[in-house]
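Student: This is the structure I have questions about; it appears just below.
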Amino acid sequence: MTNLQTLVFYATPEHDCSYLPDQKAVTMFLDPKTPVSTDIYSQLSGFGFRRSGNHFYRPHCNHCKACIPMRVPADRFVPSKSQKRILRKNRHVQCQIMSPDFHEDHYLLYEKYICERHRDGDMYPPSREQYRSFLVEGHASTRFVEFSIEDRLYAIAVIDRLNDGLSAIYTFFDPDLEKLSPGTYAILWQLEYAKELNLPYLYLGYFIRQCQKMSYKNNFRPFEAMINDQWMDEKQMSSIAEQLL
């Protein structure tokens, strides 16, 4: 297995934070010329890195620790009452696991989702080129999960399979069907799929307490968070709560 100490990383200059207004951010990237095997990718995820397109990154801000990597132990996850209701509402949803190829209907759903839900984000305005580089041109482990209802495309979840879990890369859905809670359902499906594959974790990316768009992530319990480069469960975090304030 490759030693991460032999890899080359670069830090960006300070730039506007994508999540917190009036904040500056610094991002650490793995050298984009580095071939990334699933073994390397799994190690990087264990250290809080994420993937976007062909880039592997993690926050490297000097004075802010707001971005907290999160993962859910799949075999210990227990759905809440509201999550059980969401599972019942989606009991007729059909799914198909696919390779990450470009499909026009997938892109049109993505375009609709970004234009209606994320006009204030970095991905607006969407384009086919941007969609390809962000989601289609992924990793060898990448798969698309296509959800549909009576042959109507409902949602797409993009996932990567790691040695110790699944990484939830991105989910987009039909905003007209938002009442079915497709984002939550996609995560619930991924947790069940991780259990089927005997994979310990579902990596959910970064939780940012001050960012409303990230607040859904701590609804999946129990969870683990990376604090000071160490994965901790909720009991361990409670024991050092004063240090986290």
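Residues are referred to by chain and number: the chain letter is A, B, ... according to the order shown in the structure tokens, the number counts from 1 in that chain, and ligands are numbered separately from 1 in the order shown.
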Excluding same-chain residues fewer than 2 positions from A:Ile40, what lies within 12 Å of it counting only C-alpha atoms, as a ChimeraX atom specification?

Tutor: /A:1-7,30,34-38,42-47,49,56,139,162-164

Student: Using DSSP secondary structure from the backbone, list all alpha helix (DSSP H) positions within stretch 15-175 of chain A, as a ChimeraX atom specification.

Tutor: /A:38-46,81-89,104-117,128-131

Student: Since we have the selection now, will you write its residues out, keeping C-alpha atoms, as a PDB file, in the first residue's frame?

Tutor:
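Dumped everything to again_17.pdb:
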ATOM      1  CA  THR A  38      -8.456   2.687  -4.843  1.00  0.00           C
ATOM      2  CA  ASP A  39      -5.897   1.951  -2.110  1.00  0.00           C
ATOM      3  CA  ILE A  40      -4.554   5.515  -2.213  1.00  0.00           C
ATOM      4  CA  TYR A  41      -8.062   6.950  -2.458  1.00  0.00           C
ATOM      5  CA  SER A  42      -9.150   4.942   0.587  1.00  0.00           C
ATOM      6  CA  GLN A  43      -6.210   6.219   2.606  1.00  0.00           C
ATOM      7  CA  LEU A  44      -6.919   9.793   1.543  1.00  0.00           C
ATOM      8  CA  SER A  45     -10.558   9.465   2.602  1.00  0.00           C
ATOM      9  CA  GLY A  46      -9.397   8.174   5.961  1.00  0.00           C
ATOM     10  CA  LYS A  81     -38.950   7.788  12.706  1.00  0.00           C
ATOM     11  CA  SER A  82     -38.906  10.473  10.017  1.00  0.00           C
ATOM     12  CA  GLN A  83     -36.358   8.502   7.970  1.00  0.00           C
ATOM     13  CA  LYS A  84     -38.542   5.401   8.208  1.00  0.00           C
ATOM     14  CA  ARG A  85     -41.418   7.471   6.817  1.00  0.00           C
ATOM     15  CA  ILE A  86     -39.190   8.562   3.939  1.00  0.00           C
ATOM     16  CA  LEU A  87     -38.324   4.928   3.207  1.00  0.00           C
ATOM     17  CA  ARG A  88     -42.036   4.080   3.098  1.00  0.00           C
ATOM     18  CA  LYS A  89     -42.768   7.026   0.782  1.00  0.00           C
ATOM     19  CA  GLU A 104     -28.456  13.305 -21.890  1.00  0.00           C
ATOM     20  CA  ASP A 105     -31.419  12.669 -19.581  1.00  0.00           C
ATOM     21  CA  HIS A 106     -29.055  12.607 -16.591  1.00  0.00           C
ATOM     22  CA  TYR A 107     -27.556  15.930 -17.629  1.00  0.00           C
ATOM     23  CA  LEU A 108     -30.966  17.558 -18.163  1.00  0.00           C
ATOM     24  CA  LEU A 109     -31.990  16.484 -14.660  1.00  0.00           C
ATOM     25  CA  TYR A 110     -28.731  17.908 -13.290  1.00  0.00           C
ATOM     26  CA  GLU A 111     -29.290  21.161 -15.183  1.00  0.00           C
ATOM     27  CA  LYS A 112     -32.815  21.495 -13.814  1.00  0.00           C
ATOM     28  CA  TYR A 113     -31.622  20.722 -10.282  1.00  0.00           C
ATOM     29  CA  ILE A 114     -28.788  23.270 -10.328  1.00  0.00           C
ATOM     30  CA  CYS A 115     -30.912  25.994 -11.921  1.00  0.00           C
ATOM     31  CA  GLU A 116     -33.766  25.561  -9.428  1.00  0.00           C
ATOM     32  CA  ARG A 117     -31.844  24.705  -6.262  1.00  0.00           C
ATOM     33  CA  ARG A 128     -22.351  19.760 -20.244  1.00  0.00           C
ATOM     34  CA  GLU A 129     -18.603  20.309 -20.010  1.00  0.00           C
ATOM     35  CA  GLN A 130     -18.814  21.202 -16.320  1.00  0.00           C
ATOM     36  CA  TYR A 131     -21.078  18.199 -15.635  1.00  0.00           C
TER      37      TYR A 131
END

Student: If we count only C-alpha atoms, what is near A:Ala225 at a cut-off of 8 Å, once residues fewer than 6 positions away on the same chain are taken out, given as a short mmCIF file (atom, residue, chain, number, x, y, z; two decimals) with C-alpha atoms, in the first residue's frame?

Tutor:
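Full text of out.cif as output:
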data_model
loop_
_atom_site.label_atom_id
_atom_site.label_comp_id
_atom_site.auth_asym_id
_atom_site.auth_seq_id
_atom_site.Cartn_x
_atom_site.Cartn_y
_atom_site.Cartn_z
CA ILE A 68 -15.53 18.57 9.69
CA PRO A 69 -15.25 15.27 7.76
CA MET A 70 -18.11 12.90 8.62
CA ARG A 71 -18.83 9.23 8.10
CA TRP A 231 -11.99 9.94 13.89
CA MET A 232 -14.24 10.19 16.95
CA ASP A 233 -17.69 8.88 17.75
CA GLU A 234 -20.30 11.03 19.45
#

Student: Would you work out the distance separating atom CA of A:Thr27 from atom CA of A:Asn62, expressed in Å to one decimal?

Tutor: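 Going from atom CA of A:Thr27 over to atom CA of A:Asn62 covers 10.2 Å.
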
Student: DSSP on the backbone, then: every residue of stretch 26-240 of chain A marked strand (DSSP E or B), written as a PyMOL selection string.

Tutor: chain A and resi 27-30+50-52+55-59+68-73+94-98+142-149+152-161+165-173+201-207+224-227+230-233

Student: Can you list, as a list in words, every protein, DNA or RNA residue that comes within 12 Å of A:Ser80 when you count only C-alpha atoms, leaving out same-chain residues fewer than 5 positions away?

Tutor: Arg85, Ile86, Leu87, Thr184, Leu188, Asn218, Asn219, Phe220, Arg221 and Pro222 of chain A

Student: Write to file, as a CSV table (one decimal), in the first residue's frame, the residues of the selection just made, with N, CA and C atoms.

Tutor:
chain,number,residue,atom,x,y,z
A,85,ARG,N,-40.3,7.0,7.6
A,85,ARG,CA,-41.4,7.5,6.8
A,85,ARG,C,-40.9,7.7,5.4
A,86,ILE,N,-39.7,8.3,5.3
A,86,ILE,CA,-39.2,8.6,3.9
A,86,ILE,C,-39.0,7.3,3.2
A,87,LEU,N,-38.5,6.2,3.9
A,87,LEU,CA,-38.3,4.9,3.2
A,87,LEU,C,-39.7,4.4,2.7
A,184,THR,N,-32.4,12.7,1.2
A,184,THR,CA,-32.4,11.8,2.3
A,184,THR,C,-32.5,10.3,1.9
A,188,LEU,N,-30.0,7.1,2.6
A,188,LEU,CA,-30.5,5.8,3.3
A,188,LEU,C,-30.2,4.6,2.4
A,218,ASN,N,-25.9,15.6,10.1
A,218,ASN,CA,-25.9,15.0,11.4
A,218,ASN,C,-27.2,14.4,11.8
A,219,ASN,N,-28.1,14.2,10.8
A,219,ASN,CA,-29.4,13.4,11.0
A,219,ASN,C,-29.2,11.9,10.9
A,220,PHE,N,-28.0,11.5,10.4
A,220,PHE,CA,-27.7,10.1,10.2
A,220,PHE,C,-26.8,9.6,11.4
A,221,ARG,N,-27.4,8.9,12.3
A,221,ARG,CA,-26.7,8.5,13.5
A,221,ARG,C,-26.8,7.0,13.8
A,222,PRO,N,-25.7,6.5,14.5
A,222,PRO,CA,-24.6,7.3,15.0
A,222,PRO,C,-23.6,7.7,13.9

Student: With only C-alpha atoms as the atoms that count, which of A:Phe173, A:Phe134, A:Tyr124, A:Tyr19 lies nearest to A:Phe147?

Tutor: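 Looking at the shortest contact to A:Phe147, the residue is A:Phe173.
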
Student: Write out as a PyMOL selection string each polymer residue whose atoms come within 6 Å of A:Ser148, counting only C-alpha atoms; drop sequence neighbours fewer than 2 positions from it.

Tutor: chain A and resi 93-94+151-154

Student: Contacts of A:Glu137 at 8 Å or less, counting only C-alpha atoms, minus same-chain residues fewer than 2 places along, as a PyMOL selection string?

Tutor: chain A and resi 53-54+100+132-135+139

Student: Atoms to include: N, CA and C atoms. Write the selected residues as a compact mmCIF listing (two decimals), in the first residue's frame.

Tutor:
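Below is the file that was written, again_3.txt:
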# COMPACT_ATOMS: atom_id res chain seq x y z
N GLY A 53 -14.43 15.55 -9.36
CA GLY A 53 -13.84 15.30 -10.67
C GLY A 53 -12.56 14.51 -10.51
N ASN A 54 -11.48 15.01 -11.08
CA ASN A 54 -10.17 14.35 -10.97
C ASN A 54 -9.32 14.91 -9.84
N PRO A 100 -20.23 5.38 -14.93
CA PRO A 100 -20.37 6.85 -15.00
C PRO A 100 -20.23 7.39 -16.42
N ARG A 132 -19.58 16.93 -17.06
CA ARG A 132 -18.64 15.84 -17.35
C ARG A 132 -17.44 15.87 -16.42
N SER A 133 -16.83 17.06 -16.28
CA SER A 133 -15.61 17.14 -15.49
C SER A 133 -15.90 16.92 -14.01
N PHE A 134 -17.06 17.30 -13.54
CA PHE A 134 -17.41 17.18 -12.13
C PHE A 134 -17.81 15.75 -11.76
N LEU A 135 -18.64 15.10 -12.58
CA LEU A 135 -19.22 13.83 -12.18
C LEU A 135 -18.89 12.65 -13.10
N HIS A 139 -13.57 8.48 -10.89
CA HIS A 139 -12.53 7.52 -10.52
C HIS A 139 -12.94 6.15 -11.04

Student: When you look at A:His63 with a cut-off of 10 Å (counting only C-alpha atoms), what residues show up, excluding the ones that are within fewer than 3 positions of it in the same chain? I need them as a list in words.

Tutor: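 Within the cut-off, the hits are Lys24, Ala25, Val26, His60 and Ala66 of chain A.
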
Student: I need the chosen residues saved as a short mmCIF file (atom, residue, chain, number, x, y, z; two decimals), in the first residue's frame, with C-alpha atoms.

Tutor:
data_model
loop_
_atom_site.label_atom_id
_atom_site.label_comp_id
_atom_site.auth_asym_id
_atom_site.auth_seq_id
_atom_site.Cartn_x
_atom_site.Cartn_y
_atom_site.Cartn_z
CA LYS A 24 -11.40 33.13 3.26
CA ALA A 25 -10.34 29.53 2.64
CA VAL A 26 -7.23 27.58 1.71
CA HIS A 60 -6.33 23.63 4.86
CA ALA A 66 -15.44 24.64 10.44
#

Student: Which residue is closest to A:Ile187? Choose from A:Phe29, A:Tyr203, A:Tyr10, A:Phe144 and count only C-alpha atoms.

Tutor: A:Tyr203

Student: What does the distance between atom CA of A:Ala186 and atom CA of A:Ile156 come to in Å, to one decimal place?

Tutor: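 Those two atoms sit 8.3 Å apart.
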
Student: Which is closest to A:Asn198 among A:Ser52, A:Ile240, A:Pro73, A:Arg58, if we use only C-alpha atoms?

Tutor: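 Looking at the shortest contact to A:Asn198, the residue is A:Pro73.
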
Student: Between A:Arg209, A:Lys217, A:Arg143, A:Lys65, single out the one closest to A:Asp229, counting only C-alpha atoms.

Tutor: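 Closest candidate: A:Lys65.
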
Student: Expressed in Å to a single decimal, how great is the separation between atom CA of A:Val78 and atom CA of A:Ser99?

Tutor: 29.5 Å

Student: Pick the closest to A:Glu224 from A:Cys211, A:Leu202, A:Leu20, A:Ile97: which is it, counting only C-alpha atoms?

Tutor: A:Leu202
